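Asks: Structure supplied as query08.txt; contents: compact mmCIF, C-alpha atoms.
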```
# COMPACT_ATOMS: atom_id res chain seq x y z
CA MET O 1 59.00 51.87 178.23
CA ASP O 2 56.53 49.03 178.75
CA ASP O 3 56.45 46.17 176.29
CA LEU O 4 53.02 46.54 174.66
CA LYS O 5 53.04 43.22 172.81
CA PRO O 6 50.89 41.41 175.42
CA ILE O 7 48.22 44.11 174.97
CA LEU O 8 48.51 44.31 171.19
CA LYS O 9 48.15 40.53 170.87
CA HIS O 10 44.48 40.92 171.78
CA ALA O 11 44.03 42.47 168.34
CA LEU O 12 46.91 40.87 166.46
CA PRO O 13 47.87 37.44 167.87
CA SER O 14 50.81 37.11 165.47
CA ILE O 15 52.36 40.51 166.17
CA ILE O 16 56.05 40.73 165.31
CA SER O 17 56.96 44.30 166.22
CA TYR O 18 55.45 47.73 166.68
CA GLU O 19 56.30 51.42 166.80
CA HIS O 20 54.57 54.55 168.04
CA VAL O 21 53.26 56.91 165.38
CA GLY O 22 53.28 60.65 166.00
CA ASP O 23 53.53 62.47 169.32
CA GLY O 24 50.59 60.86 171.05
CA VAL O 25 47.70 62.53 172.84
CA LYS O 26 47.91 63.72 176.44
CA GLN O 27 44.74 65.02 178.04
CA ALA O 28 43.58 65.78 181.56
CA ASN O 29 42.25 62.29 182.24
CA ALA O 30 44.02 59.91 179.85
CA GLU O 31 46.85 59.44 177.38
CA GLY O 32 46.64 57.90 173.94
CA SER O 33 48.96 56.81 171.17
CA ARG O 34 48.73 55.48 167.65
CA ILE O 35 50.69 52.28 167.24
CA LEU O 36 51.79 50.79 163.93
CA SER O 37 51.96 47.01 164.40
CA ARG O 38 53.65 44.50 162.11
CA HIS O 39 52.20 41.03 162.12
CA SER O 40 52.02 37.84 160.13
CA SER O 41 48.86 37.20 158.16
CA SER O 42 49.09 33.44 158.65
CA VAL O 43 47.90 33.49 162.27
CA SER O 44 46.45 36.95 162.78
CA GLU O 45 42.92 38.06 162.25
CA SER O 46 43.92 39.57 158.92
CA TYR O 47 41.60 41.94 157.07
CA ASP O 48 43.04 40.83 153.72
CA ASP O 49 42.32 37.20 152.87
CA GLU O 50 44.17 37.47 149.56
CA CYS O 51 47.57 38.09 151.18
CA ASP O 52 50.25 35.39 151.10
CA LYS O 53 50.00 33.33 154.25
CA ASP O 54 53.47 34.29 155.40
CA ALA O 55 53.18 37.94 154.39
CA VAL O 56 53.97 40.63 156.92
CA LEU O 57 51.16 43.15 157.27
CA GLU O 58 50.94 46.50 159.01
CA THR O 59 47.94 47.54 161.07
CA GLU O 60 47.53 50.78 162.98
CA LEU O 61 45.80 50.67 166.37
CA PHE O 62 45.04 53.24 169.05
CA LEU O 63 45.88 52.60 172.71
CA LYS O 64 44.20 54.72 175.39
CA ARG O 65 45.76 54.39 178.84
CA VAL O 66 45.14 55.68 182.34
CA ALA O 67 47.86 55.14 184.96
CA ALA O 68 46.66 56.04 188.44
CA ASN O 69 50.10 57.18 189.58
CA ALA O 70 50.08 59.90 186.88
CA TYR O 71 47.36 61.82 188.73
CA THR O 72 48.75 62.16 192.27
CA HIS O 73 48.91 65.93 191.73
CA LYS O 74 45.09 66.02 191.84
CA LYS O 75 42.98 66.23 194.95
CA TRP O 76 41.28 62.91 195.70
CA ALA O 77 37.84 64.06 194.43
CA ASP O 78 39.36 65.00 191.08
CA MET O 79 41.59 61.94 190.93
CA ARG O 80 38.61 59.72 191.70
CA ARG O 81 36.68 61.29 188.84
CA THR O 82 39.54 60.47 186.45
CA LEU O 83 39.57 56.84 187.61
CA VAL O 84 35.78 56.57 187.42
CA TYR O 85 35.98 57.82 183.82
CA LEU O 86 38.29 54.89 183.07
CA ARG O 87 36.00 52.39 184.76
CA THR O 88 32.96 53.77 182.97
CA GLU O 89 34.51 53.56 179.51
CA VAL O 90 35.89 50.04 180.01
CA ARG O 91 32.51 48.85 181.25
CA PHE O 92 30.82 50.59 178.34
CA TYR O 93 32.85 48.66 175.79
CA ASN O 94 32.81 45.33 177.64
CA GLU O 95 29.28 45.22 179.03
CA ILE O 96 27.03 47.76 177.33
CA VAL O 97 28.15 47.82 173.70
CA PRO O 98 27.34 44.12 173.16
CA LEU O 99 23.79 44.81 174.39
CA LEU O 100 23.46 47.85 172.13
CA LEU O 101 24.68 45.99 169.08
CA SER O 102 22.29 43.10 169.67
CA SER O 103 19.30 45.43 169.34
CA SER O 104 17.43 46.11 166.12
CA ASN O 105 19.42 49.33 165.71
CA GLY O 106 22.68 47.44 166.16
CA GLU O 107 23.88 47.57 162.57
CA SER O 108 23.41 51.33 162.33
CA LEU O 109 25.19 51.87 165.61
CA ARG O 110 28.01 49.42 164.81
CA ARG O 111 29.30 51.84 162.18
CA GLN O 112 29.40 54.70 164.71
CA ILE O 113 31.32 53.15 167.63
CA PRO O 114 35.00 52.18 167.23
CA LYS O 115 35.93 48.54 167.45
CA CYS O 116 37.44 47.74 170.83
CA TYR O 117 39.83 44.78 170.90
CA HIS O 118 40.56 44.80 174.61
CA ALA O 119 39.57 46.90 177.62
CA THR O 120 40.48 46.35 181.27
CA TYR O 121 41.10 48.17 184.53
CA ASP O 122 42.34 47.49 188.05
CA LEU O 123 41.28 50.01 190.69
CA SER O 124 41.38 47.64 193.66
CA GLY O 125 42.03 49.45 196.90
CA LEU O 126 40.92 52.75 195.33
CA ILE O 127 37.31 52.47 194.17
CA GLY O 128 35.06 49.55 195.01
CA GLU O 129 33.30 47.73 192.20
CA GLU O 130 29.93 48.62 193.70
CA SER O 131 30.81 52.24 194.40
CA SER O 132 28.59 54.62 192.41
CA ALA O 133 30.22 56.83 189.82
CA THR O 134 28.63 59.87 191.45
CA ASP O 135 29.85 59.12 195.00
CA VAL O 136 32.07 62.20 195.17
CA ASN O 137 32.08 62.05 198.99
CA GLN O 138 33.96 58.77 199.08
CA PRO O 139 36.78 59.23 201.61
CA SER O 140 40.27 59.17 200.18
CA PRO O 141 41.88 55.71 200.40
CA LEU O 142 45.34 57.20 199.91
CA PRO O 143 47.74 56.73 202.85
CA GLN O 144 49.73 59.59 204.34
CA GLU O 145 53.20 58.34 203.44
CA GLU O 146 54.34 59.02 199.88
CA THR O 147 56.03 55.62 199.56
CA GLN O 148 52.81 53.93 200.64
CA ILE O 149 50.89 55.92 198.01
CA GLU O 150 53.37 54.77 195.36
CA ASP O 151 52.92 51.15 196.43
CA LEU O 152 49.11 51.42 196.38
CA LEU O 153 48.97 53.06 192.94
CA ALA O 154 51.58 50.83 191.30
CA GLU O 155 50.03 48.96 188.37
CA LYS O 156 46.64 50.57 189.05
CA GLY O 157 44.77 51.95 186.07
CA GLY O 158 43.76 50.42 182.78
CA HIS O 159 43.60 50.69 179.02
CA MET O 160 41.50 50.32 175.90
CA LEU O 161 42.87 49.00 172.62
CA LEU O 162 40.83 50.43 169.75
CA GLU O 163 40.81 50.62 166.00
CA SER O 164 42.69 53.64 164.67
CA LEU O 165 40.71 56.43 163.03
CA SER O 166 43.59 58.55 161.76
CA PRO O 167 43.48 60.57 158.51
CA SER O 168 45.05 57.64 156.69
CA HIS O 169 41.87 55.71 157.50
CA GLY O 170 39.67 58.37 155.95
CA TYR O 171 38.57 60.32 159.04
CA PHE O 172 39.29 63.70 160.61
CA GLN O 173 38.49 65.76 163.71
CA ASP O 174 37.92 69.49 163.82
CA SER O 175 36.38 72.29 165.87
CA PRO O 176 34.56 74.48 165.13
CA ILE O 177 32.67 72.57 162.46
CA THR O 178 30.14 73.58 159.85
CA ARG O 179 26.41 73.32 160.41
CA GLN O 180 26.19 70.34 158.07
CA GLN O 181 29.02 68.57 159.87
CA SER O 182 27.31 69.27 163.18
CA LEU O 183 24.08 67.83 161.82
CA ALA O 184 25.95 64.64 160.88
CA CYS O 185 27.30 64.44 164.45
CA LEU O 186 23.83 64.95 165.91
CA LYS O 187 22.34 62.25 163.69
CA ALA O 188 25.05 59.87 164.91
CA VAL O 189 24.35 60.53 168.59
CA ALA O 190 20.63 60.18 167.86
CA GLU O 191 21.36 56.54 166.97
CA LEU O 192 23.11 56.09 170.32
CA HIS O 193 20.20 57.63 172.20
CA ALA O 194 17.66 55.62 170.23
CA SER O 195 19.45 52.36 171.01
CA ALA O 196 18.38 52.62 174.65
CA TYR O 197 15.09 54.53 174.60
CA GLY O 198 12.44 52.56 176.46
CA ASP O 199 14.72 49.55 177.05
CA ARG O 200 14.41 49.34 180.81
CA THR O 201 16.58 46.25 181.14
CA LEU O 202 19.42 48.00 179.32
CA LEU O 203 18.95 51.31 181.13
CA GLN O 204 19.03 49.60 184.51
CA GLN O 205 22.38 48.09 183.52
CA VAL O 206 23.63 51.53 182.45
CA ASN O 207 22.43 52.99 185.74
CA GLU O 208 24.23 50.34 187.79
CA LYS O 209 27.37 49.71 185.73
CA LEU O 210 28.10 53.17 184.30
CA SER O 211 26.47 56.14 185.98
CA PRO O 212 23.01 57.22 187.14
CA ALA O 213 23.97 60.73 185.98
CA GLY O 214 25.75 60.84 182.63
CA GLY O 215 27.87 63.83 181.70
CA SER O 216 31.37 65.17 182.31
CA TYR O 217 29.92 68.41 183.63
CA HIS O 218 27.07 66.99 185.71
CA LEU O 219 26.75 68.83 189.02
CA GLN O 220 27.05 65.56 190.97
CA PHE O 221 30.54 65.05 189.48
CA ARG O 222 31.90 68.53 189.99
CA ASN O 223 34.02 69.93 192.79
CA PRO O 224 31.61 71.79 195.15
CA ILE O 225 33.99 74.76 195.15
CA GLU O 226 32.94 75.55 191.57
CA LEU O 227 29.39 76.24 192.70
CA GLN O 228 30.42 77.97 195.91
CA ASN O 229 32.54 80.45 193.94
CA MET O 230 29.93 81.00 191.22
CA VAL O 231 29.01 84.60 192.06
CA ASN O 232 32.62 85.70 192.43
CA SER O 233 33.61 83.86 189.23
CA TRP O 234 30.97 85.77 187.27
CA GLU O 235 32.05 89.11 188.73
CA GLN O 236 35.64 88.34 187.72
CA PHE O 237 34.63 87.31 184.20
CA ARG O 238 32.32 90.25 183.67
CA GLY O 239 34.95 92.66 184.95
CA HIS O 240 37.44 91.41 182.38
CA PHE O 241 35.09 91.55 179.38
CA VAL O 242 32.62 94.40 179.93
CA GLY O 243 33.29 97.29 177.55
CA LEU O 244 35.56 95.18 175.34
CA ASN O 245 33.53 95.70 172.15
CA ASP O 246 29.97 96.00 170.85
CA LYS O 247 29.35 92.28 171.36
CA THR O 248 30.02 92.56 175.10
CA LYS O 249 27.31 95.17 175.68
CA ILE O 250 25.06 92.30 176.77
CA LEU O 251 27.14 92.27 179.98
CA GLU O 252 25.64 95.64 180.93
CA LYS O 253 22.06 94.34 180.91
CA GLU O 254 20.63 94.33 184.43
CA SER O 255 19.63 90.67 184.43
CA VAL O 256 23.03 89.68 183.03
CA VAL O 257 24.88 91.68 185.69
CA MET O 258 23.22 89.30 188.18
CA LEU O 259 23.86 86.18 186.10
CA GLY O 260 26.28 84.57 188.56
CA GLN O 261 23.81 84.80 191.45
CA ARG O 262 20.96 83.62 189.24
CA VAL O 263 22.90 80.55 188.05
CA PHE O 264 23.95 79.78 191.64
CA ASP O 265 20.37 80.04 192.89
CA ILE O 266 18.94 77.71 190.25
CA ALA O 267 21.84 75.28 189.73
CA GLU O 268 20.52 72.41 191.85
CA TYR O 269 16.98 72.79 190.52
CA VAL O 270 18.21 72.65 186.92
CA SER O 271 20.48 69.68 187.63
CA ASN O 272 17.64 67.77 189.29
CA GLU O 273 15.33 68.47 186.35
CA LEU O 274 18.03 67.17 183.98
CA THR O 275 18.67 63.98 185.96
CA PRO O 276 15.95 61.45 185.17
CA LYS O 277 15.64 58.11 186.88
CA TRP O 278 16.62 55.26 184.58
CA ASP O 279 12.97 54.27 184.10
CA ALA O 280 11.68 57.80 183.38
CA GLU O 281 9.83 58.41 180.11
CA TYR O 282 12.57 60.24 178.17
CA ALA O 283 15.59 58.79 179.95
CA THR O 284 18.22 57.22 177.76
CA LEU O 285 21.92 56.47 177.41
CA VAL O 286 23.84 59.72 176.86
CA HIS O 287 27.40 60.16 175.62
CA GLY O 288 28.16 62.75 178.27
CA ASP O 289 30.99 64.69 176.59
CA TYR O 290 29.73 65.26 173.09
CA LYS O 291 32.12 67.88 171.76
CA ALA O 292 33.15 67.92 168.10
CA MET O 293 36.60 66.51 168.90
CA ASN O 294 34.93 63.38 170.25
CA VAL O 295 33.60 62.58 166.78
CA PHE O 296 35.61 61.41 163.79
CA LEU O 297 34.01 62.63 160.58
CA PRO O 298 34.53 60.93 157.20
CA SER O 299 37.07 62.86 155.12
CA ASP O 300 34.92 62.24 152.06
CA GLY O 301 31.53 63.60 152.98
CA SER O 302 29.97 61.99 149.91
CA ASP O 303 31.06 58.47 150.92
CA ASP O 304 27.85 56.93 152.30
CA SER O 305 29.73 53.81 153.40
CA LYS O 306 31.32 55.77 156.24
CA SER O 307 29.47 57.32 159.17
CA PRO O 308 30.70 59.68 161.86
CA ILE O 309 32.32 57.64 164.63
CA MET O 310 31.92 58.66 168.27
CA ILE O 311 34.77 58.22 170.74
CA ASP O 312 35.49 58.78 174.44
CA PHE O 313 32.62 57.17 176.33
CA SER O 314 34.12 57.88 179.75
CA CYS O 315 31.17 60.01 180.90
CA THR O 316 28.38 57.85 179.53
CA GLY O 317 25.35 57.24 181.70
CA ILE O 318 21.67 57.99 182.23
CA GLY O 319 20.31 61.33 181.07
CA TYR O 320 18.28 63.21 178.49
CA GLY O 321 19.62 63.16 174.95
CA MET O 322 19.25 66.93 174.75
CA SER O 323 22.15 67.28 177.20
CA ASP O 324 24.44 65.91 174.50
CA VAL O 325 22.80 68.13 171.89
CA GLY O 326 23.12 71.27 173.98
CA MET O 327 26.78 70.72 174.76
CA HIS O 328 27.65 69.80 171.19
CA ILE O 329 26.09 72.86 169.60
CA VAL O 330 27.62 75.40 171.98
CA HIS O 331 31.00 73.65 172.00
CA ALA O 332 31.44 73.32 168.27
CA VAL O 333 29.25 75.59 166.14
CA LEU O 334 30.00 79.25 165.48
CA PRO O 335 27.26 81.73 166.45
CA GLN O 336 26.78 82.96 162.87
CA ASP O 337 25.95 79.39 161.84
CA LEU O 338 23.20 79.30 164.47
CA GLU O 339 21.53 82.48 163.25
CA ASN O 340 18.64 82.75 160.78
CA GLY O 341 17.17 79.40 161.74
CA GLY O 342 20.46 77.51 161.89
CA GLU O 343 20.04 76.39 165.49
CA GLU O 344 16.45 75.31 164.85
CA GLU O 345 17.61 73.32 161.83
CA LEU O 346 20.10 71.40 163.96
CA LEU O 347 17.57 70.69 166.69
CA GLU O 348 14.91 69.52 164.26
CA GLY O 349 17.46 67.43 162.37
CA TYR O 350 18.44 65.66 165.58
CA LEU O 351 14.84 65.12 166.69
CA THR O 352 13.79 63.76 163.31
CA ALA O 353 16.74 61.34 163.27
CA LEU O 354 15.96 60.26 166.83
CA GLU O 355 12.29 59.67 166.07
CA GLU O 356 13.11 57.65 162.97
CA ALA O 357 15.63 55.49 164.84
CA VAL O 358 13.38 54.86 167.85
CA SER O 359 10.39 54.11 165.60
CA ARG O 360 12.53 51.68 163.61
CA ARG O 361 13.61 49.88 166.78
CA LYS O 362 10.14 49.79 168.32
CA GLY O 363 8.40 48.85 165.09
CA GLN O 364 5.85 51.62 165.61
CA ARG O 365 5.70 55.39 165.32
CA TRP O 366 7.34 57.22 168.23
CA SER O 367 7.67 60.97 168.68
CA TYR O 368 9.45 63.34 171.06
CA ASP O 369 7.02 66.04 172.14
CA ARG O 370 8.60 69.28 170.90
CA THR O 371 7.61 71.25 174.00
CA VAL O 372 9.30 68.67 176.21
CA ALA O 373 12.30 68.51 173.89
CA MET O 374 12.83 72.27 173.98
CA ARG O 375 12.47 72.30 177.75
CA HIS O 376 15.22 69.70 178.02
CA TYR O 377 17.40 71.67 175.58
CA GLN O 378 17.02 74.92 177.48
CA LEU O 379 17.80 73.22 180.79
CA ALA O 380 20.89 71.67 179.20
CA CYS O 381 22.11 75.08 178.04
CA ILE O 382 21.71 76.59 181.51
CA ASP O 383 23.48 73.62 183.06
CA TYR O 384 26.38 73.86 180.62
CA LEU O 385 26.83 77.57 181.39
CA ARG O 386 26.91 76.69 185.11
CA PHE O 387 29.80 74.31 184.41
CA ILE O 388 31.79 76.71 182.23
CA LEU O 389 31.27 79.61 184.61
CA GLY O 390 32.30 77.61 187.66
CA ARG O 391 35.17 75.71 186.07
CA PHE O 392 36.73 78.08 183.55
CA TRP O 393 35.45 81.64 183.53
CA ARG O 394 36.80 82.59 186.94
CA SER O 395 40.24 82.94 185.36
CA ALA O 396 39.15 83.85 181.82
CA THR O 397 40.35 87.09 180.22
CA PRO O 398 40.44 88.45 176.66
CA ALA O 399 44.10 87.43 176.62
CA SER O 400 43.29 83.83 177.62
CA PHE O 401 40.61 83.69 174.93
CA GLU O 402 43.15 84.87 172.38
CA LYS O 403 45.70 82.32 173.57
CA LYS O 404 43.18 79.47 173.29
CA LYS O 405 41.48 80.53 170.07
CA GLY O 406 43.07 77.70 168.11
CA SER O 407 42.57 75.03 170.80
CA LYS O 408 40.12 72.61 169.22
CA ASN O 409 39.40 70.74 172.44
CA THR O 410 38.37 73.96 174.19
CA THR O 411 34.71 74.91 174.04
CA LEU O 412 34.03 77.87 171.76
CA ILE O 413 32.57 79.91 174.61
CA ASN O 414 35.94 79.79 176.37
CA ARG O 415 37.94 80.99 173.35
CA ASN O 416 35.60 83.02 171.15
CA VAL O 417 34.14 86.23 172.61
CA GLU O 418 31.28 86.41 170.11
CA ALA O 419 30.26 82.82 170.90
CA ALA O 420 30.43 83.48 174.65
CA MET O 421 28.28 86.60 174.45
CA ALA O 422 25.70 84.94 172.19
CA PHE O 423 25.42 82.04 174.63
CA ILE O 424 25.09 84.36 177.62
CA GLU O 425 22.27 86.22 175.88
CA LYS O 426 20.48 82.96 175.11
CA VAL O 427 20.85 81.54 178.62
CA ASP O 428 19.72 84.85 180.13
CA ALA O 429 16.35 84.33 178.41
CA TYR O 430 16.18 80.64 179.36
CA LEU O 431 16.89 81.47 183.00
CA GLU O 432 13.87 83.73 183.18
CA VAL O 433 11.63 80.83 182.11
CA PHE O 434 12.92 78.43 184.76
CA GLU O 435 13.16 81.01 187.52
CA LYS O 436 9.39 81.44 187.12
CA GLU O 437 8.90 77.68 186.97
CA LYS O 438 10.94 77.19 190.14
CA SER O 439 8.95 79.87 191.96
CA TRP O 440 5.74 78.03 191.12
CA ALA O 441 7.07 74.65 192.21
```
How does this structure look as structure tokens?
Replies:
Amino acid sequence: MDDLKPILKHALPSIISYEHVGDGVKQANAEGSRILSRHSSSVSESYDDECDKDAVLETELFLKRVAANAYTHKKWADMRRTLVYLRTEVRFYNEIVPLLLSSSNGESLRRQIPKCYHATYDLSGLIGEESSATDVNQPSPLPQEETQIEDLLAEKGGHMLLESLSPSHGYFQDSPITRQQSLACLKAVAELHASAYGDRTLLQQVNEKLSPAGGSYHLQFRNPIELQNMVNSWEQFRGHFVGLNDKTKILEKESVVMLGQRVFDIAEYVSNELTPKWDAEYATLVHGDYKAMNVFLPSDGSDDSKSPIMIDFSCTGIGYGMSDVGMHIVHAVLPQDLENGGEEELLEGYLTALEEAVSRRKGQRWSYDRTVAMRHYQLACIDYLRFILGRFWRSATPASFEKKKGSKNTTLINRNVEAAMAFIEKVDAYLEVFEKEKSWA
């Protein structure tokens, strides 16, 4: 196993020893581990000035790593996306966060982004520094010979060394979450969105350094096969779920029977409408993967000194804030919590928080036209269904939903039948609006 001391010294110059805590986290595009580090307080950047100068302290850190040679099983387009995620997040911490924190909203935002001690990557020979995040047609640089591939990928990748946000630090992650917890998450991301609204210098940097199209599920990032198979994927999904129970009766509705074709026909139009230029009126910096498990919530909800902390900025880029809102709500909030005005409460809570934060930064009253806001939200919902349908529902069955029902990182609409049907019904209505709009265009 690699000696991590050279990395850990960026946070703790006087590190003595360390050990891994727990089993670590292994996801599709990165691995992470909590590390308990022992260090001397006499030289380190100690958080406790009252300690004896030669005392040995313990500090827990979190190390997120991406090793290029761990993803050779992926096709180049998918492997490239993983490596671009790494580059985006490193650049976010190194180049964009300092700009965000220097703004008038900086202090509010500082409490909602984890401290990053060190972030670096080396993708030389794989992805050029000037290559756009969305350049999915970049030819594969991988040689034919396996030994040559190993040589090229050796030492390629990167890492981020972050503060730990484990339960012992007073934070937790969960999904699904309550409506009030969701509102707290939405207010946090409103601060992120507000930090860039109208700042054209900052947004141009985001456009060039991160991505002109923020979002893990943005059509420009996805494998074209997902869209090509859209109609067949819907027929497969519908065939598995129709007649399952009363909730699935929506699948028998004529317009819903044709949902796969309708989503296919409008996918590019919706994506284009959701992809503003960096200098567009409502364009801002979006998180891009705003599920509940990418937010650490304070364990003590009454402790005002702690705010929700957002993590995983690998898909950050230019977009409309409502894309984050739409994904978050469908990913993390149960359908019964959205009924009887619950969804409207979340949307208005986000918009109010956004308006207050932008107005505070600008020094004058700013508002988000509600008609425009709802249009962006509805587009975001359609776009998210396109992603889930193309990426996951082709192979979904009641049995797979049951198997995944406790998987907190899995979107609710891929593990909860009631949530899936409620979302289908909602998007069915939204599609009708934009099908008419497209026909008039």
Asks: Could you give me, as a list in words, the residues within 9 Å of Tyr71 of chain O, counting all atoms listed in the file and dropping anything in the same chain fewer than 5 positions from it?
Replies: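 So the residues in contact are Asn29, Asp78, Met79 and Thr82 of chain O.
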Asks: Using 4 Å of padding on each side, determine the axis-aligned box around all atoms of segment 325-331 of chain O present in the file and give its centre and edge lengths in Å to one decimal, as JSON.
Replies:
```
{"center_x": 26.9, "center_y": 71.8, "center_z": 172.2, "size_x": 16.2, "size_y": 15.3, "size_z": 13.2}
```
Asks: Nearest residue to Ala399 of chain O out of O:Leu431, O:Leu412, O:Met230, O:Val417, using all atoms listed in the file?
Replies: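 Checking each of O:Leu431, O:Leu412, O:Met230, O:Val417 against Ala399 of chain O, counting all atoms listed in the file, the winner is O:Val417.
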Asks: Hey, which of O:Gly128, O:Gly317, O:Gly170, O:Pro176 ends up closest to Gly214 of chain O? Count only C-alpha atoms.
Replies: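 Ranking O:Gly128, O:Gly317, O:Gly170, O:Pro176 by distance to Gly214 of chain O, first place goes to O:Gly317.
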Asks: Find the residue from O:Ser323, O:Ala67, O:Val295, O:Ala420 that sits nearest to Gln173 of chain O; use all atoms listed in the file when measuring.
Replies: O:Val295
Asks: Dump as a Markdown table the rows for residues of segment 282-326 of chain O within 12 Å of segment 331-342 of chain O: closest atom pair and distance in Å with one decimal, all atoms listed in the file counted, ordered by chain and rising residue number.
Replies:
```
| residue | atom | partner | partner_atom | distance |
| --- | --- | --- | --- | --- |
| O:Asp289 | CA | O:His331 | CA | 10.1 |
| O:Tyr290 | CA | O:His331 | CA | 8.6 |
| O:Lys291 | CA | O:His331 | CA | 5.9 |
| O:Ala292 | CA | O:Ala332 | CA | 5.7 |
| O:Met293 | CA | O:Ala332 | CA | 8.6 |
| O:Asn294 | CA | O:Ala332 | CA | 10.7 |
| O:Val295 | CA | O:Ala332 | CA | 11.1 |
| O:Asp324 | CA | O:His331 | CA | 10.4 |
| O:Val325 | CA | O:His331 | CA | 9.9 |
| O:Gly326 | CA | O:His331 | CA | 8.5 |
```
Asks: With distances taken over all atoms listed in the file, which residue among O:Ser307, O:Ser400, O:Ser439, O:Thr316 lies nearest Cys185 of chain O?
Replies: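 Among O:Ser307, O:Ser400, O:Ser439, O:Thr316, it is O:Ser307 that comes nearest to Cys185 of chain O.
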Asks: Have a look at O:Trp393, O:Phe313, O:Phe237, O:Tyr197 and name the one nearest to Ala283 of chain O; count only C-alpha atoms.
Replies: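 Result for the nearest residue to Ala283 of chain O: O:Tyr197.
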Asks: Extract, using all atoms listed in the file, all DNA, RNA and protein residues at most 10 Å from Arg262 of chain O, discarding same-chain residues fewer than 3 positions from it, and format them as a count of residues only.
Replies: 14
Asks: Which residues, written as a PyMOL selection string, have at least one atom at most 7 Å from Met322 of chain O, with only C-alpha atoms counted and residues fewer than 6 positions away on the same chain left out?
Replies: chain O and resi 376-377+380
Asks: One decimal, in Å: what's the spacing between atom CA of Asp199 of chain O and atom CA of Thr134 of chain O?
Replies: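 Atom CA of Thr134 of chain O lies 22.5 Å from atom CA of Asp199 of chain O.
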Asks: Would you kindly return, as a PyMOL selection string, each protein, DNA or RNA residue with an atom no farther than 6 Å from any atom of segment 112-117 of chain O, considering all atoms listed in the file and excluding same-chain residues fewer than 2 positions away?
Replies: chain O and resi 11+109-110+161-163+308-310
Asks: Atom CA of Glu31 of chain O and atom CA of Glu208 of chain O, how far apart in Å?
Replies: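 Interatomic distance, atom CA of Glu208 of chain O to atom CA of Glu31 of chain O: 26.5 Å.
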Asks: Need the neighbours of (33.1, 77.2, 195.2): which residues are at most 12 Å away, counting all atoms listed in the file, as a list in words?
Replies: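 With a cut-off of 12 Å, the residues come to Arg222, Asn223, Pro224, Ile225, Glu226, Leu227, Gln228, Asn229, Met230, Val231, Asn232, Ser233, Trp234, Phe264, Arg386, Phe387, Leu389, Gly390, Arg391 and Arg394 of chain O.
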